[in-house]
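Structure data (compact mmCIF, C-alpha atoms) from structure_27.txt:
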```txt
# COMPACT_ATOMS: atom_id res chain seq x y z
CA MET H 1 0.90 -24.70 89.92
CA ASP H 2 -1.06 -21.66 88.88
CA GLY H 3 0.13 -21.50 85.25
CA GLN H 4 -1.16 -23.57 82.33
CA VAL H 5 0.79 -26.76 81.63
CA LEU H 6 1.74 -27.23 77.97
CA SER H 7 3.52 -30.04 76.22
CA VAL H 8 6.74 -29.27 74.40
CA SER H 9 5.06 -29.55 70.98
CA GLU H 10 2.17 -27.37 72.16
CA LEU H 11 4.55 -24.66 73.32
CA ASN H 12 6.56 -24.85 70.12
CA GLY H 13 3.37 -24.62 68.08
CA ARG H 14 2.16 -21.64 70.11
CA VAL H 15 5.45 -19.79 69.60
CA LYS H 16 5.36 -20.64 65.87
CA SER H 17 1.83 -19.27 65.62
CA LEU H 18 2.88 -16.02 67.30
CA LEU H 19 5.85 -15.58 64.97
CA ASP H 20 3.82 -16.43 61.86
CA SER H 21 1.22 -13.82 62.77
CA ASP H 22 3.81 -11.03 63.00
CA VAL H 23 3.65 -9.15 59.67
CA VAL H 24 7.13 -7.66 60.09
CA LEU H 25 8.72 -11.05 60.67
CA GLN H 26 7.09 -12.47 57.55
CA ASN H 27 9.10 -10.18 55.25
CA VAL H 28 12.29 -9.11 57.00
CA PHE H 29 15.82 -8.38 55.82
CA VAL H 30 18.74 -9.20 58.10
CA SER H 31 22.40 -8.26 57.55
CA GLY H 32 25.24 -10.34 58.93
CA GLU H 33 28.22 -12.55 58.20
CA LEU H 34 27.83 -16.04 56.77
CA SER H 35 28.94 -18.82 59.12
CA ASN H 36 28.76 -22.64 59.02
CA TYR H 37 27.55 -22.47 55.43
CA LYS H 38 26.65 -25.88 53.92
CA LEU H 39 25.06 -26.81 50.61
CA TYR H 40 23.48 -30.27 50.77
CA PRO H 41 22.95 -32.63 47.80
CA SER H 42 19.23 -31.94 48.13
CA GLY H 43 19.93 -28.37 46.98
CA HIS H 44 19.02 -26.82 50.36
CA HIS H 45 21.36 -24.27 51.94
CA TYR H 46 21.95 -24.25 55.72
CA PHE H 47 23.98 -21.51 57.43
CA SER H 48 24.06 -18.97 60.22
CA LEU H 49 24.16 -15.20 60.20
CA LYS H 50 26.22 -13.61 62.90
CA ASP H 51 27.40 -10.25 64.05
CA ALA H 52 29.48 -9.16 67.03
CA GLU H 53 26.76 -9.99 69.55
CA GLY H 54 24.60 -12.77 68.21
CA THR H 55 23.90 -15.66 65.79
CA LEU H 56 20.80 -16.51 63.74
CA ARG H 57 20.08 -19.94 62.22
CA CYS H 58 19.04 -19.79 58.55
CA VAL H 59 17.82 -22.13 55.85
CA MET H 60 17.35 -21.49 52.13
CA PHE H 61 15.47 -24.17 50.24
CA ARG H 62 16.41 -25.39 46.78
CA GLY H 63 13.85 -23.25 44.89
CA SER H 64 15.27 -20.00 46.26
CA GLY H 65 18.87 -21.23 46.27
CA GLY H 66 18.70 -21.97 42.56
CA LYS H 67 18.19 -18.25 41.88
CA LEU H 68 21.44 -17.16 43.50
CA THR H 69 23.72 -15.14 41.22
CA PHE H 70 26.83 -15.59 43.40
CA ARG H 71 28.48 -18.35 45.44
CA PRO H 72 28.04 -17.84 49.20
CA GLU H 73 31.14 -18.41 51.34
CA ASN H 74 31.84 -18.35 55.06
CA GLY H 75 32.86 -14.91 56.26
CA MET H 76 30.99 -13.14 53.44
CA LYS H 77 28.81 -10.23 54.55
CA VAL H 78 25.29 -10.51 53.14
CA VAL H 79 21.71 -9.31 53.50
CA ALA H 80 19.22 -12.15 53.84
CA GLY H 81 15.51 -11.64 53.17
CA GLY H 82 12.76 -13.99 54.25
CA LYS H 83 10.47 -14.87 57.16
CA VAL H 84 11.10 -15.86 60.78
CA SER H 85 9.39 -18.98 62.08
CA VAL H 86 9.90 -21.98 64.37
CA PHE H 87 10.79 -25.49 63.34
CA PRO H 88 8.51 -27.30 65.82
CA ARG H 89 10.62 -30.44 66.07
CA ASP H 90 13.68 -28.59 67.42
CA GLY H 91 11.87 -25.72 69.08
CA ALA H 92 14.36 -23.24 67.65
CA TYR H 93 13.39 -20.24 65.60
CA GLN H 94 15.22 -19.57 62.34
CA LEU H 95 15.14 -17.37 59.25
CA TYR H 96 13.67 -19.01 56.18
CA VAL H 97 15.61 -17.19 53.46
CA ASN H 98 14.22 -16.54 49.98
CA GLN H 99 16.76 -13.86 48.97
CA LEU H 100 20.48 -13.57 49.64
CA ILE H 101 22.30 -10.42 48.56
CA PRO H 102 25.99 -9.57 48.93
CA HIS H 103 26.52 -6.76 51.41
CA GLY H 104 27.37 -3.36 49.97
CA VAL H 105 24.44 -3.12 47.60
CA GLY H 106 22.01 -4.47 50.10
CA ASP H 107 19.97 -1.30 50.56
CA LEU H 108 19.42 -0.85 46.84
CA HIS H 109 18.57 -4.51 46.38
CA ILE H 110 16.07 -4.35 49.21
CA ALA H 111 14.44 -1.30 47.67
CA PHE H 112 14.45 -3.06 44.30
CA GLU H 113 12.78 -6.19 45.66
CA GLN H 114 10.21 -4.23 47.65
CA LEU H 115 9.19 -2.14 44.62
CA LYS H 116 9.20 -5.24 42.43
CA GLU H 117 6.87 -7.02 44.84
CA LYS H 118 4.58 -3.98 45.09
CA LEU H 119 4.22 -3.46 41.33
CA ALA H 120 3.83 -7.18 40.66
CA GLY H 121 0.99 -7.24 43.19
CA GLU H 122 -0.70 -4.42 41.28
CA GLY H 123 -0.44 -6.36 38.03
CA LEU H 124 2.03 -4.08 36.23
CA PHE H 125 4.08 -7.10 35.13
CA ASP H 126 1.09 -9.12 33.92
CA PRO H 127 1.66 -10.45 30.36
CA ALA H 128 -1.97 -9.61 29.58
CA HIS H 129 -0.99 -5.93 29.55
CA LYS H 130 1.90 -6.37 27.12
CA LYS H 131 1.38 -4.68 23.74
CA LEU H 132 2.57 -6.23 20.48
CA LEU H 133 5.25 -4.44 18.49
CA PRO H 134 4.23 -3.29 14.99
CA LYS H 135 5.92 -5.35 12.29
CA PHE H 136 6.86 -2.38 10.12
CA PRO H 137 7.23 0.73 12.29
CA ARG H 138 7.46 4.03 10.46
CA THR H 139 8.91 6.05 13.36
CA ILE H 140 10.98 4.95 16.37
CA ALA H 141 11.63 7.19 19.38
CA LEU H 142 14.81 6.70 21.42
CA ILE H 143 14.51 7.94 25.01
CA THR H 144 18.10 7.86 26.21
CA SER H 145 21.17 9.99 26.67
CA GLY H 146 21.89 12.02 23.56
CA ALA H 147 25.65 11.73 24.08
CA GLY H 148 26.09 8.10 25.10
CA ALA H 149 27.38 5.17 23.11
CA ALA H 150 24.00 3.47 23.43
CA VAL H 151 22.20 5.99 21.22
CA ARG H 152 24.89 5.73 18.53
CA ASP H 153 24.65 1.94 18.58
CA MET H 154 20.88 2.01 18.24
CA ILE H 155 20.93 4.54 15.38
CA ARG H 156 23.59 2.48 13.58
CA VAL H 157 21.68 -0.80 13.94
CA LEU H 158 18.34 0.76 12.95
CA GLY H 159 19.89 2.41 9.89
CA MET H 160 21.56 -0.81 8.81
CA ARG H 161 18.57 -3.09 9.39
CA TYR H 162 15.64 -0.92 8.35
CA PRO H 163 16.54 2.43 6.74
CA LEU H 164 12.85 3.00 5.91
CA ALA H 165 12.10 3.93 9.54
CA LYS H 166 12.46 7.45 10.86
CA VAL H 167 14.41 7.70 14.12
CA ILE H 168 13.66 10.42 16.67
CA VAL H 169 16.09 10.93 19.56
CA MET H 170 14.49 12.32 22.72
CA PRO H 171 17.57 13.10 24.85
CA VAL H 172 17.21 12.74 28.63
CA ARG H 173 19.50 12.27 31.57
CA VAL H 174 19.75 8.58 32.45
CA GLN H 175 21.61 8.90 35.74
CA GLY H 176 21.15 10.94 38.88
CA ALA H 177 18.20 12.46 40.70
CA GLU H 178 17.06 14.45 37.65
CA ALA H 179 16.90 11.39 35.38
CA PRO H 180 13.54 9.84 36.42
CA PRO H 181 11.47 13.03 35.91
CA GLU H 182 13.07 13.60 32.51
CA ILE H 183 12.41 10.01 31.38
CA VAL H 184 8.81 10.25 32.59
CA GLY H 185 8.36 13.58 30.79
CA ALA H 186 9.71 12.16 27.54
CA LEU H 187 7.35 9.17 27.76
CA HIS H 188 4.35 11.43 28.40
CA TYR H 189 5.32 13.76 25.53
CA ALA H 190 5.79 10.87 23.08
CA ASN H 191 2.34 9.52 23.89
CA ARG H 192 0.56 12.87 24.02
CA HIS H 193 1.81 13.85 20.55
CA SER H 194 1.98 10.30 19.07
CA VAL H 195 5.52 10.88 17.88
CA ALA H 196 6.39 7.24 17.17
CA ASP H 197 5.14 3.71 16.63
CA ILE H 198 7.71 2.23 19.06
CA ILE H 199 9.63 3.69 22.00
CA ILE H 200 13.02 2.36 23.05
CA ALA H 201 13.94 3.54 26.55
CA GLY H 202 17.30 2.70 28.09
CA ARG H 203 20.98 3.34 28.45
CA GLY H 204 24.35 1.60 28.37
CA GLY H 205 25.78 -0.55 31.14
CA GLY H 206 26.94 0.53 34.59
CA SER H 207 26.67 -0.24 38.27
CA ILE H 208 23.37 -0.71 40.01
CA GLU H 209 23.60 2.90 41.15
CA ASP H 210 24.14 4.04 37.56
CA LEU H 211 21.06 2.12 36.36
CA TRP H 212 18.87 3.14 39.26
CA ALA H 213 16.78 5.67 37.30
CA PHE H 214 15.16 2.70 35.55
CA ASN H 215 14.25 1.22 38.95
CA ASP H 216 12.27 4.34 39.82
CA GLU H 217 8.56 3.81 40.48
CA ARG H 218 7.62 6.91 38.47
CA VAL H 219 9.41 5.59 35.41
CA ALA H 220 7.81 2.17 35.83
CA ARG H 221 4.30 3.62 35.97
CA ALA H 222 4.95 5.89 32.98
CA ILE H 223 6.09 2.88 30.91
CA PHE H 224 3.02 0.92 31.99
CA ALA H 225 0.71 3.83 31.06
CA SER H 226 2.29 4.28 27.62
CA GLU H 227 -0.09 3.58 24.74
CA ILE H 228 2.92 3.24 22.44
CA PRO H 229 4.74 -0.11 22.84
CA VAL H 230 7.92 0.29 24.89
CA ILE H 231 11.13 -1.73 24.59
CA SER H 232 13.33 -1.60 27.69
CA ALA H 233 17.04 -1.56 26.85
CA VAL H 234 18.98 -1.01 30.05
CA GLY H 235 22.62 -2.02 30.53
CA HIS H 236 24.04 -5.37 29.56
CA GLU H 237 22.35 -8.75 29.41
CA PRO H 238 22.81 -9.68 33.12
CA ASP H 239 21.41 -6.31 34.27
CA VAL H 240 17.75 -6.40 35.26
CA THR H 241 15.69 -3.35 36.20
CA ILE H 242 12.08 -2.68 37.13
CA ALA H 243 11.65 -1.12 33.68
CA ASP H 244 12.42 -4.51 32.14
CA PHE H 245 9.50 -6.11 33.97
CA VAL H 246 7.01 -3.36 33.08
CA ALA H 247 8.00 -2.81 29.44
CA ASP H 248 6.19 -4.60 26.64
CA VAL H 249 9.49 -6.16 25.48
CA ARG H 250 12.79 -6.48 27.34
CA ALA H 251 16.01 -6.28 25.32
CA ALA H 252 19.36 -7.54 26.55
CA THR H 253 21.21 -4.44 25.32
CA PRO H 254 20.38 -1.21 23.45
CA SER H 255 21.67 -2.77 20.22
CA ASN H 256 19.44 -5.78 20.79
CA ALA H 257 16.49 -3.41 21.31
CA ALA H 258 17.09 -1.94 17.86
CA GLU H 259 17.17 -5.46 16.42
CA LEU H 260 13.88 -6.34 18.09
CA ALA H 261 12.20 -3.11 16.96
CA VAL H 262 12.60 -3.54 13.20
CA PRO H 263 12.98 -6.33 10.66
CA HIS H 264 16.15 -6.65 8.62
CA VAL H 265 15.87 -5.24 5.12
CA ASP H 266 17.71 -8.28 3.73
CA GLU H 267 15.14 -10.59 5.35
CA LEU H 268 12.32 -8.52 3.85
CA ARG H 269 14.00 -8.61 0.45
CA GLU H 270 14.29 -12.39 0.71
CA ILE H 271 10.63 -12.66 1.71
CA LEU H 272 9.61 -10.45 -1.22
CA ASP H 273 11.77 -12.48 -3.61
CA ASN H 274 10.23 -15.73 -2.37
CA ASP H 275 6.73 -14.28 -2.64
CA GLY H 276 7.55 -13.04 -6.14
CA GLU H 277 8.74 -16.48 -7.18
CA ARG H 278 5.62 -18.10 -5.78
CA MET H 279 3.38 -15.59 -7.53
CA THR H 280 5.25 -16.12 -10.80
CA ALA H 281 4.83 -19.88 -10.46
CA VAL H 282 1.11 -19.54 -9.76
CA ILE H 283 0.57 -17.21 -12.72
CA SER H 284 2.61 -19.52 -14.98
CA ARG H 285 0.42 -22.49 -13.98
CA GLN H 286 -2.73 -20.49 -14.65
CA LEU H 287 -1.47 -19.35 -18.05
CA ALA H 288 -0.63 -22.97 -18.95
CA GLN H 289 -4.14 -24.04 -17.99
CA TYR H 290 -5.66 -21.23 -20.04
CA ARG H 291 -3.52 -22.22 -23.04
CA GLU H 292 -4.76 -25.83 -22.76
CA ARG H 293 -8.37 -24.68 -22.60
CA LEU H 294 -7.82 -22.38 -25.59
CA ALA H 295 -6.30 -25.26 -27.55
CA ASP H 296 -9.34 -27.39 -26.72
CA PHE H 297 -11.69 -24.63 -27.90
CA ARG H 298 -9.82 -24.28 -31.19
CA GLY H 299 -10.77 -27.85 -32.10
CA LYS H 300 -14.45 -27.34 -31.35
CA ALA H 301 -16.87 -27.38 -34.30
CA VAL H 302 -18.71 -24.39 -32.94
CA LEU H 303 -15.61 -22.25 -33.44
CA GLU H 304 -14.62 -23.69 -36.83
CA SER H 305 -18.12 -23.44 -38.35
CA PRO H 306 -20.71 -21.72 -36.17
CA LEU H 307 -23.57 -22.17 -38.73
CA GLY H 308 -22.73 -25.83 -39.21
CA TYR H 309 -22.73 -26.32 -35.45
CA ILE H 310 -26.13 -24.63 -35.22
CA GLY H 311 -27.43 -26.89 -37.98
CA GLN H 312 -26.24 -29.96 -36.10
CA ARG H 313 -27.93 -28.75 -32.95
CA ARG H 314 -31.19 -28.09 -34.90
CA GLN H 315 -31.10 -31.57 -36.42
CA ALA H 316 -30.56 -33.11 -32.97
CA TYR H 317 -33.46 -31.04 -31.66
CA GLU H 318 -35.81 -32.25 -34.44
CA HIS H 319 -34.80 -35.83 -33.73
CA VAL H 320 -35.60 -35.49 -30.06
CA ARG H 321 -38.86 -33.68 -30.88
CA GLU H 322 -40.04 -36.51 -33.19
CA ARG H 323 -39.18 -39.09 -30.54
CA LEU H 324 -41.17 -37.20 -27.92
CA LEU H 325 -44.17 -36.80 -30.26
CA GLY H 326 -44.08 -40.52 -31.07
CA ILE H 327 -44.03 -41.43 -27.41
CA ALA H 328 -46.92 -39.03 -26.74
CA ARG H 329 -49.03 -40.51 -29.60
CA GLN H 330 -48.42 -44.04 -28.37
CA GLN H 331 -49.42 -43.13 -24.80
CA MET H 332 -52.60 -41.38 -26.05
CA ALA H 333 -53.59 -44.44 -28.12
CA GLU H 334 -53.00 -46.78 -25.15
CA ARG H 335 -55.05 -44.57 -22.84
CA ARG H 336 -57.88 -44.20 -25.41
CA GLU H 337 -58.07 -47.98 -25.81
CA ARG H 338 -58.15 -48.43 -22.04
CA TYR H 339 -60.89 -45.79 -21.77
CA VAL H 340 -63.08 -47.56 -24.34
CA GLY H 341 -62.73 -50.87 -22.50
CA LEU H 342 -63.65 -49.34 -19.15
CA ALA H 343 -66.64 -47.54 -20.70
CA ALA H 344 -67.94 -50.83 -22.16
CA LYS H 345 -67.71 -52.49 -18.77
CA LEU H 346 -69.57 -49.63 -17.12
CA ASP H 347 -72.27 -49.73 -19.79
CA ALA H 348 -72.76 -53.46 -19.30
CA LEU H 349 -73.24 -52.91 -15.59
CA SER H 350 -75.65 -49.98 -16.07
CA PRO H 351 -79.11 -50.42 -14.36
CA LEU H 352 -80.75 -49.08 -17.55
CA LYS H 353 -79.38 -52.08 -19.49
CA VAL H 354 -80.97 -54.41 -16.94
CA LEU H 355 -84.31 -52.63 -17.21
CA GLY H 356 -84.11 -52.87 -20.99
CA ARG H 357 -84.19 -56.66 -20.69
CA GLY H 358 -87.62 -56.60 -19.00
CA TYR H 359 -86.66 -56.08 -15.38
CA SER H 360 -88.05 -53.29 -13.20
CA VAL H 361 -87.28 -51.51 -9.95
CA VAL H 362 -90.01 -51.37 -7.27
CA LYS H 363 -89.89 -48.63 -4.61
CA SER H 364 -92.01 -47.88 -1.56
CA GLY H 365 -93.79 -44.60 -1.11
CA ASP H 366 -90.83 -43.22 0.80
CA GLY H 367 -88.35 -44.18 -1.95
CA ARG H 368 -87.00 -47.45 -0.49
CA VAL H 369 -86.15 -50.21 -3.02
CA LEU H 370 -88.34 -53.22 -2.26
CA ASN H 371 -86.77 -56.67 -2.34
CA ARG H 372 -89.51 -58.69 -0.58
CA ALA H 373 -93.32 -58.65 -0.66
CA GLY H 374 -93.31 -58.47 3.10
CA ASP H 375 -91.67 -55.04 2.97
CA VAL H 376 -95.05 -53.36 2.09
CA GLU H 377 -98.56 -53.41 3.49
CA ILE H 378 -101.91 -54.01 1.69
CA GLY H 379 -103.16 -50.69 0.28
CA GLU H 380 -99.72 -49.04 0.36
CA ASN H 381 -98.69 -46.94 -2.65
CA ILE H 382 -95.65 -48.16 -4.57
CA SER H 383 -93.84 -47.13 -7.81
CA VAL H 384 -92.53 -49.47 -10.53
CA THR H 385 -89.71 -48.11 -12.72
CA LEU H 386 -89.54 -49.73 -16.15
CA SER H 387 -87.12 -49.33 -19.04
CA LYS H 388 -89.33 -46.51 -20.22
CA GLY H 389 -91.57 -44.83 -17.70
CA THR H 390 -92.85 -45.45 -14.16
CA LEU H 391 -96.05 -47.07 -12.86
CA HIS H 392 -97.76 -45.88 -9.67
CA CYS H 393 -99.64 -48.77 -8.05
CA ILE H 394 -101.64 -49.74 -4.96
CA VAL H 395 -100.91 -53.07 -3.29
CA GLU H 396 -104.08 -55.15 -3.26
CA GLY H 397 -102.50 -58.38 -2.16
CA ARG H 398 -99.21 -60.20 -1.63
CA ASP H 399 -97.95 -63.80 -1.68
```
Entire entry expressed as structure tokens:
Amino acid sequence: MDGQVLSVSELNGRVKSLLDSDVVLQNVFVSGELSNYKLYPSGHHYFSLKDAEGTLRCVMFRGSGGKLTFRPENGMKVVAGGKVSVFPRDGAYQLYVNQLIPHGVGDLHIAFEQLKEKLAGEGLFDPAHKKLLPKFPRTIALITSGAGAAVRDMIRVLGMRYPLAKVIVMPVRVQGAEAPPEIVGALHYANRHSVADIIIAGRGGGSIEDLWAFNDERVARAIFASEIPVISAVGHEPDVTIADFVADVRAATPSNAAELAVPHVDELREILDNDGERMTAVISRQLAQYRERLADFRGKAVLESPLGYIGQRRQAYEHVRERLLGIARQQMAERRERYVGLAAKLDALSPLKVLGRGYSVVKSGDGRVLNRAGDVEIGENISVTLSKGTLHCIVEGRD
């Protein structure tokens, strides 16, 4: 045998590696008819896609299956998106599905998912880029059709909830090939001239084709670039567009967008009333405290008779002054008595007192005090200090 011998698992692994390395097969969309569809208790979906000439095994795991917005049935034509790989144990390749779309809108859904993936990868959906809505906007710009029901609903809700805000309608086409450039132009104009504090961009409900202008990449990038916060209000609550992901706030409907943009005047009035009541209560408590303090002051002697109060203070001062002087005199007497005693002791110990009793101090010629006769030599000069005067002597002998 000239060829390399592989085990079954080695061959399956090699084929799996080849399929996994194919970029196209890692994100592919396949159209076909559902066959042998089964939903297991685990939540995983197993089925086949078939057409007139072939069959493809498919599996959709619970995480992706839980996002389905319709119930798959055998015979239904669908577009399945996912990756192709091999299950090594069986050696059969299959499509691992992460998206399942009913046929008929498949092309638009594919374009939607591809653009969604692209913009998400660039960070356009990142919450870190979302701007906060001002609490009390002065001006609100509506970028929508000037003749649709949506604009009338938004104007009605804004006028009812917050009549203080000015509403500017920037009419654009919201459907057809001309719609995206007009929406983008309105967004650029609003930002360039700072026409509003909040922008609401959207339209009423419709089919996916009707809403497609808000799935346009140009519109998405214009919303992302807007320095003015943008509320996306496209269609009804189940409708989701690319604009919803990019906008700072997504509203379920145009009317809901108006509700999110402004507070309700009744709520503000209630807040002001509550704040007013709290402020009144605080001021009332402070006034009561001040009245109590004033009542206390009225009973003070200093207010009833200022001169009498000063006299009392002077009398108290004199009393304290006399006490301090008495303490000072006592301390001086004690210290003087102690000083006299210490002086007497020092005087008794004074060398002059000793000399006065007939004693003397004998020093050698170099000034040393002599205690013994042996400390000097015969003929050496010495001095003898008496009580009065000093004798200078020569040693003639010693015992």
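Taking only C-alpha atoms into account, Thr253 of chain H lies nearest to H:Ala149 out of the set H:Val15, H:Ala149, H:Leu132, H:Ala344.
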Give me, as JSON, numbers by chain, all polymer residues having an atom no more than 12 Å from segment 262-271 of chain H, counting only C-alpha atoms and skipping those fewer than 4 positions away in the same chain. {"H": [133, 134, 135, 136, 137, 138, 139, 140, 154, 155, 157, 158, 159, 160, 161, 162, 163, 164, 165, 166, 167, 197, 198, 199, 200, 231, 255, 256, 257, 258, 275, 276, 277, 278]}
Residue among H:Val195, H:Leu119, H:Leu95, H:Val369 lying closest to Phe245 of chain H, counting only C-alpha atoms: H:Leu119
Spatial neighbours of Ser226 of chain H, max dist 8 Å, only C-alpha atoms, sep filter under 6 positions, as a ChimeraX atom specification: /H:187-188,191
Measure the distance from atom CA of Lys67 of chain H to atom CA of Ile101 of chain H in Å and round it to one decimal. 11.1 Å
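As for atom CA of Trp212 of chain H and atom CA of Gly235 of chain H, they are spaced 10.8 Å apart.
Atom pair atom CA of Ala243 of chain H / atom CA of Asp216 of chain H: separated by 8.2 Å.
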With all atoms listed in the file counted and 7 Å as the cut-off, give the residues of segment 126-152 of chain H in contact with segment 202-206 of chain H, each with its shortest interatomic distance in Å and the pair that gives it, as a Markdown table.
```
| residue | atom | partner | partner_atom | distance |
| --- | --- | --- | --- | --- |
| H:Ile143 | CA | H:Gly202 | CA | 6.7 |
| H:Thr144 | CA | H:Gly202 | CA | 5.5 |
| H:Ser145 | CA | H:Arg203 | CA | 6.9 |
| H:Ala150 | CA | H:Gly204 | CA | 5.3 |
```
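Look at everything within 10 Å of (10.3, -29.2, 66.3) using only C-alpha atoms, and the residues you get are H:Val8, H:Ser9, H:Asn12, H:Gly13, H:Lys16, H:Val86, H:Phe87, H:Pro88, H:Arg89, H:Asp90, H:Gly91, H:Ala92, H:Tyr93.
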Any chance you can output those residues with C-alpha atoms as an mmCIF file, in the coordinates of the input?
```
data_model
loop_
_atom_site.group_PDB
_atom_site.id
_atom_site.type_symbol
_atom_site.label_atom_id
_atom_site.label_comp_id
_atom_site.auth_asym_id
_atom_site.auth_seq_id
_atom_site.Cartn_x
_atom_site.Cartn_y
_atom_site.Cartn_z
ATOM 1 C CA VAL H 8 6.740 -29.270 74.400
ATOM 2 C CA SER H 9 5.060 -29.550 70.980
ATOM 3 C CA ASN H 12 6.560 -24.850 70.120
ATOM 4 C CA GLY H 13 3.370 -24.620 68.080
ATOM 5 C CA LYS H 16 5.360 -20.640 65.870
ATOM 6 C CA VAL H 86 9.900 -21.980 64.370
ATOM 7 C CA PHE H 87 10.790 -25.490 63.340
ATOM 8 C CA PRO H 88 8.510 -27.300 65.820
ATOM 9 C CA ARG H 89 10.620 -30.440 66.070
ATOM 10 C CA ASP H 90 13.680 -28.590 67.420
ATOM 11 C CA GLY H 91 11.870 -25.720 69.080
ATOM 12 C CA ALA H 92 14.360 -23.240 67.650
ATOM 13 C CA TYR H 93 13.390 -20.240 65.600
#
```
So that I can check the surroundings of Arg57 of chain H, please list as a compact mmCIF listing (two decimals) with C-alpha atoms, keeping the file's coordinate frame every protein, DNA and RNA residue that reaches within 9 Å of it, counting only C-alpha atoms and ignoring chain neighbours fewer than 5 positions away.
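What ended up in result06.txt:
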```
# COMPACT_ATOMS: atom_id res chain seq x y z
CA TYR H 46 21.95 -24.25 55.72
CA PHE H 47 23.98 -21.51 57.43
CA SER H 48 24.06 -18.97 60.22
CA LEU H 49 24.16 -15.20 60.20
CA LYS H 50 26.22 -13.61 62.90
CA ALA H 92 14.36 -23.24 67.65
CA TYR H 93 13.39 -20.24 65.60
CA GLN H 94 15.22 -19.57 62.34
CA LEU H 95 15.14 -17.37 59.25
CA TYR H 96 13.67 -19.01 56.18
```
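Each of H:Leu34, H:Ala186, H:Val249, H:Ala111 was compared to Val78 of chain H using all atoms listed in the file, and H:Leu34 turns out to be the nearest.
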Neighbours of Gln99 of chain H within 8 Å (all atoms listed in the file; same-chain residues fewer than 4 positions away dropped), as a compact mmCIF listing (two decimals) with C-alpha atoms, keeping the file's coordinate frame?
```txt
# COMPACT_ATOMS: atom_id res chain seq x y z
CA SER H 64 15.27 -20.00 46.26
CA LEU H 68 21.44 -17.16 43.50
CA ALA H 80 19.22 -12.15 53.84
CA GLY H 81 15.51 -11.64 53.17
CA GLY H 82 12.76 -13.99 54.25
```
Please return as a PyMOL selection string every residue within 7 Å of (19.8, -10.6, 63.0), taking into account all atoms listed in the file and the file's own coordinates. chain H and resi 30-32+49+56
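Within the 8 Å cut-off around Glu217 of chain H, using all atoms listed in the file and omitting residues fewer than 3 positions from it on the same chain, the listed residues are Leu115, Ala220 and Arg221 of chain H.
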Give the answer as one residue: which of H:Leu108, H:Gly121, H:Ala141, H:Pro254 has the shortest atom-to-atom distance to Arg156 of chain H, using all atoms listed in the file? H:Pro254
